[in-house]
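Undergrad: Sharing a structure below in structure tokens format, with a few things to ask.
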Amino acid sequence: MTIKMKITLIVVGKIKEKYFTDAVKEYAKRLTRYCKLEIVELEDEKTPDRASEAEEVQIKKKEGERILKAVKDGTYTIALAIEGKKMTSEQFAKKIETLGIQGKSQINFVIGGSLGLDERVLKNAEEKISFSDMTFPHQLMRVILLEQIYRGYRIIYNEPYHK
């Protein structure tokens, strides 16, 4: 892969914890060798304690509208969702490499807010992937995703990386 792929993380909510911010910065720095990385942070909706199902649907809908506006035409969008496809790090690396070979030079990874992603975002995505059946805080998921993208590039270029 000679042309640097552009990878955009479209994420709901800001990171407040310094240790997550530091980890994001570190992986962003490491990734500069392999791709152009952009992180688009979108405002999250305040979720009241014990929100009703209807309130949760409305919150996801508002966040979903922001996400859909952030997705640029002609980009390949992968939503992170529990019901998505699970893959190994090697399969994830192959996915990134294959998209590049197919001429998909811009990939979006979408991470929803604390309630997950709106149905329209999931339907709009070309693909859904899952890192686990467990639920992770979206701040931590950002770090995990960046680490896996970095690991993926190390695998693509046959560079050593801890297992």
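By order of appearance in the structure tokens: chains A, B, ..., then residues from 1 within every chain, and ligands from 1 in the order shown.
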Just want the 10 Å neighbourhood of range 47-54 of chain A, counted on only C-alpha atoms, with same-chain residues fewer than 6 positions away dropped. Output as a ChimeraX atom specification.

TA: /A:60,114-115

Undergrad: Which of chain A counts as strand (DSSP E or B) under DSSP, as a VMD selection string please?

TA: chain A and resid 5 to 12 35 to 42 76 to 86 106 to 111 113 116 127 to 130

Undergrad: Selection from above, N, CA and C atoms, as a short mmCIF file (atom, residue, chain, number, x, y, z; two decimals), in the first residue's frame, can you write it?

TA:
```cif
data_model
loop_
_atom_site.label_atom_id
_atom_site.label_comp_id
_atom_site.auth_asym_id
_atom_site.auth_seq_id
_atom_site.Cartn_x
_atom_site.Cartn_y
_atom_site.Cartn_z
N MET A 5 -3.75 5.70 3.52
CA MET A 5 -5.18 5.68 3.72
C MET A 5 -5.56 6.73 4.77
N LYS A 6 -6.73 7.32 4.62
CA LYS A 6 -7.22 8.23 5.66
C LYS A 6 -8.21 7.47 6.52
N ILE A 7 -7.93 7.43 7.80
CA ILE A 7 -8.82 6.77 8.75
C ILE A 7 -9.39 7.83 9.67
N THR A 8 -10.71 7.87 9.73
CA THR A 8 -11.40 8.83 10.57
C THR A 8 -12.18 8.09 11.64
N LEU A 9 -11.95 8.47 12.88
CA LEU A 9 -12.77 7.96 13.97
C LEU A 9 -13.85 9.00 14.22
N ILE A 10 -15.09 8.61 14.07
CA ILE A 10 -16.23 9.48 14.38
C ILE A 10 -16.77 8.98 15.70
N VAL A 11 -16.61 9.80 16.72
CA VAL A 11 -16.90 9.34 18.08
C VAL A 11 -17.84 10.32 18.79
N VAL A 12 -18.72 9.75 19.59
CA VAL A 12 -19.64 10.57 20.38
C VAL A 12 -19.05 10.76 21.76
N CYS A 35 -0.87 5.92 8.19
CA CYS A 35 -2.12 6.47 7.67
C CYS A 35 -2.30 7.91 8.13
N LYS A 36 -3.27 8.57 7.52
CA LYS A 36 -3.68 9.89 7.99
C LYS A 36 -4.84 9.66 8.93
N LEU A 37 -4.69 10.07 10.16
CA LEU A 37 -5.72 9.83 11.18
C LEU A 37 -6.41 11.13 11.54
N GLU A 38 -7.73 11.05 11.60
CA GLU A 38 -8.52 12.18 12.07
C GLU A 38 -9.52 11.65 13.09
N ILE A 39 -9.68 12.39 14.18
CA ILE A 39 -10.68 12.02 15.17
C ILE A 39 -11.70 13.14 15.24
N VAL A 40 -12.93 12.80 14.91
CA VAL A 40 -14.03 13.76 14.93
C VAL A 40 -14.87 13.48 16.17
N GLU A 41 -14.79 14.38 17.14
CA GLU A 41 -15.57 14.23 18.37
C GLU A 41 -16.88 14.98 18.24
N LEU A 42 -17.96 14.27 18.46
CA LEU A 42 -19.29 14.86 18.40
C LEU A 42 -19.87 14.99 19.80
N TYR A 76 -15.88 4.73 3.34
CA TYR A 76 -16.32 3.40 3.76
C TYR A 76 -16.50 3.45 5.27
N THR A 77 -17.70 3.14 5.73
CA THR A 77 -18.01 3.30 7.15
C THR A 77 -18.17 1.96 7.85
N ILE A 78 -17.45 1.82 8.95
CA ILE A 78 -17.53 0.63 9.80
C ILE A 78 -18.03 1.08 11.17
N ALA A 79 -19.16 0.55 11.58
CA ALA A 79 -19.73 0.88 12.89
C ALA A 79 -19.28 -0.16 13.90
N LEU A 80 -18.89 0.31 15.09
CA LEU A 80 -18.57 -0.63 16.16
C LEU A 80 -19.85 -0.91 16.92
N ALA A 81 -20.24 -2.18 16.93
CA ALA A 81 -21.51 -2.57 17.54
C ALA A 81 -21.38 -3.99 18.07
N ILE A 82 -21.99 -4.23 19.22
CA ILE A 82 -21.92 -5.56 19.84
C ILE A 82 -22.38 -6.65 18.88
N GLU A 83 -23.40 -6.34 18.06
CA GLU A 83 -23.95 -7.36 17.14
C GLU A 83 -23.13 -7.49 15.86
N GLY A 84 -22.03 -6.75 15.75
CA GLY A 84 -21.19 -6.82 14.56
C GLY A 84 -20.37 -8.10 14.50
N LYS A 85 -19.63 -8.22 13.41
CA LYS A 85 -18.78 -9.40 13.17
C LYS A 85 -17.54 -9.33 14.05
N LYS A 86 -17.20 -10.43 14.65
CA LYS A 86 -15.97 -10.52 15.44
C LYS A 86 -14.86 -11.03 14.54
N GLN A 106 -10.54 6.02 2.18
CA GLN A 106 -11.02 6.67 3.39
C GLN A 106 -11.97 5.74 4.13
N ILE A 107 -11.59 5.43 5.37
CA ILE A 107 -12.41 4.56 6.21
C ILE A 107 -12.85 5.35 7.44
N ASN A 108 -14.11 5.26 7.75
CA ASN A 108 -14.64 5.81 9.01
C ASN A 108 -14.88 4.66 9.96
N PHE A 109 -14.49 4.84 11.21
CA PHE A 109 -14.89 3.93 12.27
C PHE A 109 -15.78 4.76 13.19
N VAL A 110 -16.97 4.25 13.48
CA VAL A 110 -17.94 5.00 14.28
C VAL A 110 -18.10 4.34 15.65
N ILE A 111 -17.91 5.15 16.68
CA ILE A 111 -18.13 4.70 18.06
C ILE A 111 -19.24 5.56 18.64
N GLY A 113 -22.22 6.76 21.58
CA GLY A 113 -22.17 7.23 22.96
C GLY A 113 -22.50 6.12 23.93
N GLY A 116 -25.04 3.53 22.82
CA GLY A 116 -24.82 2.81 21.56
C GLY A 116 -25.20 3.67 20.36
N GLU A 127 -20.44 -1.87 7.09
CA GLU A 127 -20.07 -3.04 7.88
C GLU A 127 -20.19 -2.72 9.37
N LYS A 128 -20.45 -3.77 10.15
CA LYS A 128 -20.46 -3.64 11.62
C LYS A 128 -19.45 -4.64 12.16
N ILE A 129 -18.60 -4.16 13.07
CA ILE A 129 -17.68 -5.08 13.72
C ILE A 129 -17.83 -4.97 15.23
N SER A 130 -17.48 -6.04 15.89
CA SER A 130 -17.56 -6.10 17.34
C SER A 130 -16.22 -6.55 17.89
#
```

Undergrad: Taking into account only C-alpha atoms, which residue in the set A:Tyr34, A:Lys4, A:Glu17, A:Thr75 is nearest to Lys104 in chain A?

TA: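 Counting only C-alpha atoms, the residue closest to Lys104 in chain A is A:Thr75.
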
Undergrad: Which value, in Å to one decimal, gives the distance between CA of Arg30 in chain A and CA of Met141 in chain A?

TA: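 One can read the CA of Arg30 in chain A to CA of Met141 in chain A distance as 17.6 Å.
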
Undergrad: List the neighbours of Ile15 in chain A out to 10 Å using only C-alpha atoms; skip same-chain residues closer than 2 positions along the sequence, and give me the result as number ranges by chain.

TA: A: 12-13, 17-21, 24, 41, 138-140, 142

Undergrad: Tell me which of A:Glu63, A:Glu147, A:Asp133, A:Glu43 sits closest to Ala23 in chain A, counting only C-alpha atoms.

TA: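 Using only C-alpha atoms, Ala23 in chain A sits closest to A:Glu147.
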
Undergrad: For the helix (DSSP H, G or I) assignment from backbone DSSP, which residues of chain A qualify? Please present them as an NGL selection string.

TA: :A and (18-31 or 53-70 or 89-101 or 119-124 or 138-156)

Undergrad: Have a look at CA of Gly100 in chain A and CA of Lys69 in chain A and let me know their distance in Å, one decimal.

TA: 23.9 Å

Undergrad: From the set A:Glu97, A:Asp22, A:Glu90, A:Asp118, which residue has the shortest atom-to-atom contact distance to Arg66 in chain A, counting only C-alpha atoms?

TA: A:Asp118

Undergrad: Would you please work out which residue, of A:Phe136, A:Gly112, A:Pro160, A:Thr98, is nearest to Asp44 in chain A when using only C-alpha atoms?

TA: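 Of the candidates, the smallest distance to Asp44 in chain A is held by A:Gly112.
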
Undergrad: With only C-alpha atoms as the atoms that count, which of A:Leu146, A:Met134, A:Ile101, A:Val121 lies nearest to Lys29 in chain A?

TA: A:Leu146

Undergrad: For Gln58 in chain A, which residue out of A:Leu117, A:Tyr161, A:Met87, A:Ser105 is the nearest one, using only C-alpha atoms?

TA: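 Of A:Leu117, A:Tyr161, A:Met87, A:Ser105, the one nearest Gln58 in chain A, counting only C-alpha atoms, is A:Leu117.
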
Undergrad: With a distance cut-off of 9 Å and only C-alpha atoms, select the neighbouring residues of Gln148 in chain A, excluding the residue or stretch itself and same-chain residues fewer than 5 positions from it, and output the selection as a list in words.

TA: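 Near neighbours after the sequence-gap exclusion: Ser89, Phe92, Ala93, Val143 and Tyr153 of chain A.
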
Undergrad: The selected residues should be written to file as a JSON list (two decimals), in the first residue's frame (atoms: C-alpha atoms).

TA:
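Final output, saved to out24.json:
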```json
[["chain", "number", "residue", "atom", "x", "y", "z"],
["A", 89, "SER", "CA", -6.29, -9.00, 14.81],
["A", 92, "PHE", "CA", -8.84, -6.98, 11.05],
["A", 93, "ALA", "CA", -5.45, -6.18, 9.44],
["A", 143, "VAL", "CA", -8.03, 3.46, 22.76],
["A", 153, "TYR", "CA", -0.61, -1.96, 10.20]]
```
